[in-house]
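Trainee: Below you will find the structure I want to go over with you.
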Amino acid sequence: METRKQELRELKNYLIHLKDLGYTEIPCEAELLNNSAFQKTNPSNSANNMASKKSNSLAAVQKVLGDCTRCKLSEGRKNIVFGSGNPNADLVFVGEGPGADEDEQGLPFVGRSGKKLTEIIEKGMGLNREKDTYICNIVKCRPPGNRDPEADEVSACKPFLIQQLQAIKPKVIVALGKPASSTLLGRTVPIVKERGTWHEYEGIKLMLTFHPSYLIRFYTLENRKAVHEDMKKVLKELKK
Ligand code: URA
């Protein structure tokens with residue numbers, strides 16, 4: 001029953017997505033393949049060649065997102081937190097979802113875990129957060145009480161994350177924590193076991209690491225060292 005509900009929600013979101021692309025009727029496959037906008041946005045159009053594809057600008061993606069009410073998170077949010085940073089960055093960090101501070105300001109990672117992330121980027125990696133990176137989340141609206149985003153919320157928002165990544169075409173994506181890693185890899189990721197390992201997301205190098213809030217909660221030398229090692233691997237890859 002749950003699976004059926006989930007499938008219906010996904011179908012609903014797909015239809016909304018087609019509407020956003022300007023369709024007024026359900027198109028046949030050939031029509032879709034001729035629609036460059038669809039080619040850019042269809043997640044099943046597995047783009048090993050994402051890097052070589054022309055895609056919508058971030059501004060166009062944000063415009064399609066609009067004043068989104070595609071899932072129930074819209075009901076409790078103050079602001080949509082789309083993302084921030086350099087739209088041409090080589091490095092993109094993907095978090096889980098906005099917290100209270102982010103919801104208030106409409107910007108990602110501006111609260112306590114944001115401070116930690118900025119520290120990792122600037123002190124740890126020697127990069128400039130605004131100039132060298134782009135930061136966004138799996139879901140763009142705050143889950144109530146900072147709970148994990150639910151499956152229907154992730155599936156409603158994921159097309160926009162995919163389009164953001166297609167627009168930016170970074171060299172490296174860093175998934176922060178288990179929900180981001182699991183969403184990008186399409187499976188449940190045991191983050192303690194898999195952090196520090198390279199993966200691929202649509203032809204782009206993907207590094208998994210701990211979420212900054214996990215680091216704050218479990219502030220051990222071992223965990224700090226682990227993230228430091230992970231970011232060293234990222235820097236090495238960026239210099240290639
Ligand atoms: N945690 C996240 O995952 N994202 C934010 O934007 C803030 C906190």
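By convention in this document, the chains of the structure tokens carry letters A, B, ... by their order, each chain's residues are numbered from 1, and ligands are numbered from 1 in the order they are shown.
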Taking only C-alpha atoms and all ligand atoms into account, which residues are within 12 Å of ligand 1, as an NGL selection string?
Mentor: :A and (79-84 or 93-118 or 134-143 or 146-149 or 175-181 or 210-216)
Trainee: Hey, what's within 9 Å of A:Ile120 if we count only C-alpha atoms and toss same-chain stuff fewer than 5 positions away? As a VMD selection string, please?
Mentor: chain A and resid 115 125 to 126 212 227 to 228 231
Trainee: What would the file look like if the residues just selected were written as a CSV table (one decimal), in the first residue's frame with C-alpha atoms?
Mentor:
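Resulting contents of again_0.csv:
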chain,number,residue,atom,x,y,z
A,115,LYS,CA,29.7,27.7,10.6
A,125,MET,CA,40.6,23.3,2.6
A,126,GLY,CA,41.9,26.8,2.1
A,212,PRO,CA,28.9,18.9,9.9
A,227,VAL,CA,36.6,14.6,7.4
A,228,HIS,CA,40.0,16.2,7.0
A,231,MET,CA,38.5,16.8,2.0
Trainee: So which one's closest to A:Ile121, A:Arg217, A:Lys232, A:Lys63, A:Arg187? Using only C-alpha atoms, please.
Mentor: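 Of A:Arg217, A:Lys232, A:Lys63, A:Arg187, the one nearest A:Ile121 is A:Lys232, counting only C-alpha atoms.
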Trainee: Counting only C-alpha atoms, which residue out of A:Ala167, A:Pro144, A:His199, A:Thr209 sits closest to A:Ala59?
Mentor: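 Under the stated criterion, the closest residue is A:Ala167.
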Trainee: Pick out the residues sitting within 12 Å of A:Lys239, and hand them over as a list in words; count only C-alpha atoms, and ignore anything fewer than 3 positions along from it in its own chain.
Mentor: Asp90, Leu91, Lys171, Val172, Lys232, Lys233, Val234, Leu235 and Lys236 of chain A
Trainee: Residues of the last selection are to be written out with N, CA and C atoms, as a short mmCIF file (atom, residue, chain, number, x, y, z; two decimals), in the first residue's frame.
Mentor:
data_model
loop_
_atom_site.label_atom_id
_atom_site.label_comp_id
_atom_site.auth_asym_id
_atom_site.auth_seq_id
_atom_site.Cartn_x
_atom_site.Cartn_y
_atom_site.Cartn_z
N ASP A 90 33.59 24.49 -9.15
CA ASP A 90 34.04 23.11 -9.42
C ASP A 90 33.60 22.16 -8.33
N LEU A 91 33.19 22.73 -7.21
CA LEU A 91 32.88 21.91 -6.04
C LEU A 91 31.49 22.25 -5.49
N LYS A 171 33.20 19.63 -10.86
CA LYS A 171 34.11 18.50 -11.04
C LYS A 171 33.86 17.48 -9.93
N VAL A 172 33.52 18.01 -8.75
CA VAL A 172 33.32 17.13 -7.59
C VAL A 172 32.07 17.54 -6.81
N LYS A 232 40.90 16.26 1.88
CA LYS A 232 42.21 16.22 1.19
C LYS A 232 42.08 15.48 -0.14
N LYS A 233 41.29 14.42 -0.14
CA LYS A 233 41.06 13.66 -1.38
C LYS A 233 40.34 14.53 -2.41
N VAL A 234 39.39 15.34 -1.90
CA VAL A 234 38.62 16.22 -2.79
C VAL A 234 39.56 17.25 -3.43
N LEU A 235 40.41 17.85 -2.60
CA LEU A 235 41.34 18.87 -3.11
C LEU A 235 42.26 18.28 -4.18
N LYS A 236 42.72 17.06 -3.92
CA LYS A 236 43.62 16.40 -4.88
C LYS A 236 42.90 16.21 -6.21
#
Trainee: Among stretch 107-141 of chain A, which ones does DSSP assign to strand (DSSP E or B) (computed from the backbone)? Answer as a list in words.
Mentor: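 Filtering stretch 107-141 of chain A to strand (DSSP E or B) leaves Thr133, Tyr134, Ile135, Cys136 and Asn137 of chain A.
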Trainee: For A:Gln62, which of A:Gly145, A:Phe218, A:Gln163, A:Glu202 is the closest residue, counting only C-alpha atoms?
Mentor: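 Of the candidates, the smallest distance to A:Gln62 is held by A:Gln163.
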Trainee: Run DSSP on the backbone of this structure and report the residues of stretch 91-149 of chain A it assigns to helix (DSSP H, G or I), as a list in words.
Mentor: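 DSSP on the backbone gives helix (DSSP H, G or I) at Ala100, Asp101, Glu102, Asp103, Glu104, Gln105, Arg112, Ser113, Gly114, Lys115, Lys116, Leu117, Thr118, Glu119, Ile120, Ile121, Glu122, Lys123, Gly124, Arg129, Glu130, Lys131, Asp132, Pro144, Gly145 and Asn146 of chain A.
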Trainee: Only N, CA and C atoms, please: the residues just picked out, written as a PDB file, in the first residue's frame.
Mentor:
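Saved as out38.pdb:
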ATOM      1  N   ALA A 100      16.285  25.792  11.129  1.00  0.00           N
ATOM      2  CA  ALA A 100      15.543  27.007  11.480  1.00  0.00           C
ATOM      3  C   ALA A 100      16.218  28.274  10.946  1.00  0.00           C
ATOM      4  N   ASP A 101      17.533  28.386  11.099  1.00  0.00           N
ATOM      5  CA  ASP A 101      18.234  29.592  10.634  1.00  0.00           C
ATOM      6  C   ASP A 101      18.151  29.736   9.124  1.00  0.00           C
ATOM      7  N   GLU A 102      18.303  28.607   8.446  1.00  0.00           N
ATOM      8  CA  GLU A 102      18.265  28.626   6.975  1.00  0.00           C
ATOM      9  C   GLU A 102      16.865  29.014   6.490  1.00  0.00           C
ATOM     10  N   ASP A 103      15.853  28.472   7.163  1.00  0.00           N
ATOM     11  CA  ASP A 103      14.460  28.765   6.819  1.00  0.00           C
ATOM     12  C   ASP A 103      14.187  30.266   7.003  1.00  0.00           C
ATOM     13  N   GLU A 104      14.751  30.811   8.069  1.00  0.00           N
ATOM     14  CA  GLU A 104      14.576  32.235   8.379  1.00  0.00           C
ATOM     15  C   GLU A 104      15.208  33.111   7.298  1.00  0.00           C
ATOM     16  N   GLN A 105      16.440  32.736   6.899  1.00  0.00           N
ATOM     17  CA  GLN A 105      17.211  33.603   5.990  1.00  0.00           C
ATOM     18  C   GLN A 105      17.082  33.227   4.510  1.00  0.00           C
ATOM     19  N   ARG A 112      24.499  26.768  12.920  1.00  0.00           N
ATOM     20  CA  ARG A 112      25.658  26.186  13.589  1.00  0.00           C
ATOM     21  C   ARG A 112      26.422  25.215  12.684  1.00  0.00           C
ATOM     22  N   SER A 113      25.676  24.361  11.972  1.00  0.00           N
ATOM     23  CA  SER A 113      26.410  23.437  11.091  1.00  0.00           C
ATOM     24  C   SER A 113      26.980  24.178   9.886  1.00  0.00           C
ATOM     25  N   GLY A 114      26.357  25.319   9.559  1.00  0.00           N
ATOM     26  CA  GLY A 114      26.911  26.161   8.483  1.00  0.00           C
ATOM     27  C   GLY A 114      28.269  26.719   8.866  1.00  0.00           C
ATOM     28  N   LYS A 115      28.374  27.139  10.124  1.00  0.00           N
ATOM     29  CA  LYS A 115      29.658  27.666  10.612  1.00  0.00           C
ATOM     30  C   LYS A 115      30.728  26.591  10.506  1.00  0.00           C
ATOM     31  N   LYS A 116      30.337  25.391  10.890  1.00  0.00           N
ATOM     32  CA  LYS A 116      31.287  24.263  10.826  1.00  0.00           C
ATOM     33  C   LYS A 116      31.674  23.977   9.378  1.00  0.00           C
ATOM     34  N   LEU A 117      30.669  24.001   8.480  1.00  0.00           N
ATOM     35  CA  LEU A 117      30.974  23.740   7.065  1.00  0.00           C
ATOM     36  C   LEU A 117      31.911  24.819   6.509  1.00  0.00           C
ATOM     37  N   THR A 118      31.638  26.079   6.862  1.00  0.00           N
ATOM     38  CA  THR A 118      32.503  27.171   6.392  1.00  0.00           C
ATOM     39  C   THR A 118      33.933  26.963   6.912  1.00  0.00           C
ATOM     40  N   GLU A 119      34.029  26.520   8.154  1.00  0.00           N
ATOM     41  CA  GLU A 119      35.353  26.260   8.739  1.00  0.00           C
ATOM     42  C   GLU A 119      36.079  25.149   7.950  1.00  0.00           C
ATOM     43  N   ILE A 120      35.344  24.112   7.616  1.00  0.00           N
ATOM     44  CA  ILE A 120      35.946  22.999   6.847  1.00  0.00           C
ATOM     45  C   ILE A 120      36.446  23.515   5.500  1.00  0.00           C
ATOM     46  N   ILE A 121      35.595  24.340   4.838  1.00  0.00           N
ATOM     47  CA  ILE A 121      35.950  24.828   3.504  1.00  0.00           C
ATOM     48  C   ILE A 121      37.118  25.823   3.584  1.00  0.00           C
ATOM     49  N   GLU A 122      37.010  26.763   4.505  1.00  0.00           N
ATOM     50  CA  GLU A 122      37.980  27.873   4.490  1.00  0.00           C
ATOM     51  C   GLU A 122      39.260  27.544   5.263  1.00  0.00           C
ATOM     52  N   LYS A 123      39.104  27.057   6.496  1.00  0.00           N
ATOM     53  CA  LYS A 123      40.317  26.735   7.269  1.00  0.00           C
ATOM     54  C   LYS A 123      40.904  25.401   6.828  1.00  0.00           C
ATOM     55  N   GLY A 124      40.045  24.425   6.679  1.00  0.00           N
ATOM     56  CA  GLY A 124      40.524  23.074   6.366  1.00  0.00           C
ATOM     57  C   GLY A 124      41.025  22.936   4.939  1.00  0.00           C
ATOM     58  N   ARG A 129      34.376  30.012   0.541  1.00  0.00           N
ATOM     59  CA  ARG A 129      33.050  29.386   0.435  1.00  0.00           C
ATOM     60  C   ARG A 129      32.232  29.961  -0.725  1.00  0.00           C
ATOM     61  N   GLU A 130      32.139  31.286  -0.804  1.00  0.00           N
ATOM     62  CA  GLU A 130      31.277  31.892  -1.825  1.00  0.00           C
ATOM     63  C   GLU A 130      31.845  31.765  -3.233  1.00  0.00           C
ATOM     64  N   LYS A 131      33.188  31.926  -3.343  1.00  0.00           N
ATOM     65  CA  LYS A 131      33.809  31.925  -4.688  1.00  0.00           C
ATOM     66  C   LYS A 131      34.063  30.532  -5.230  1.00  0.00           C
ATOM     67  N   ASP A 132      34.419  29.611  -4.346  1.00  0.00           N
ATOM     68  CA  ASP A 132      34.905  28.314  -4.823  1.00  0.00           C
ATOM     69  C   ASP A 132      33.889  27.185  -4.738  1.00  0.00           C
ATOM     70  N   PRO A 144       9.819  19.863   9.503  1.00  0.00           N
ATOM     71  CA  PRO A 144       9.438  20.303  10.850  1.00  0.00           C
ATOM     72  C   PRO A 144      10.302  19.637  11.921  1.00  0.00           C
ATOM     73  N   GLY A 145      10.734  20.443  12.886  1.00  0.00           N
ATOM     74  CA  GLY A 145      11.539  19.912  13.991  1.00  0.00           C
ATOM     75  C   GLY A 145      12.881  19.355  13.543  1.00  0.00           C
ATOM     76  N   ASN A 146      13.303  19.723  12.343  1.00  0.00           N
ATOM     77  CA  ASN A 146      14.574  19.237  11.769  1.00  0.00           C
ATOM     78  C   ASN A 146      14.624  17.715  11.618  1.00  0.00           C
TER      79      ASN A 146
END
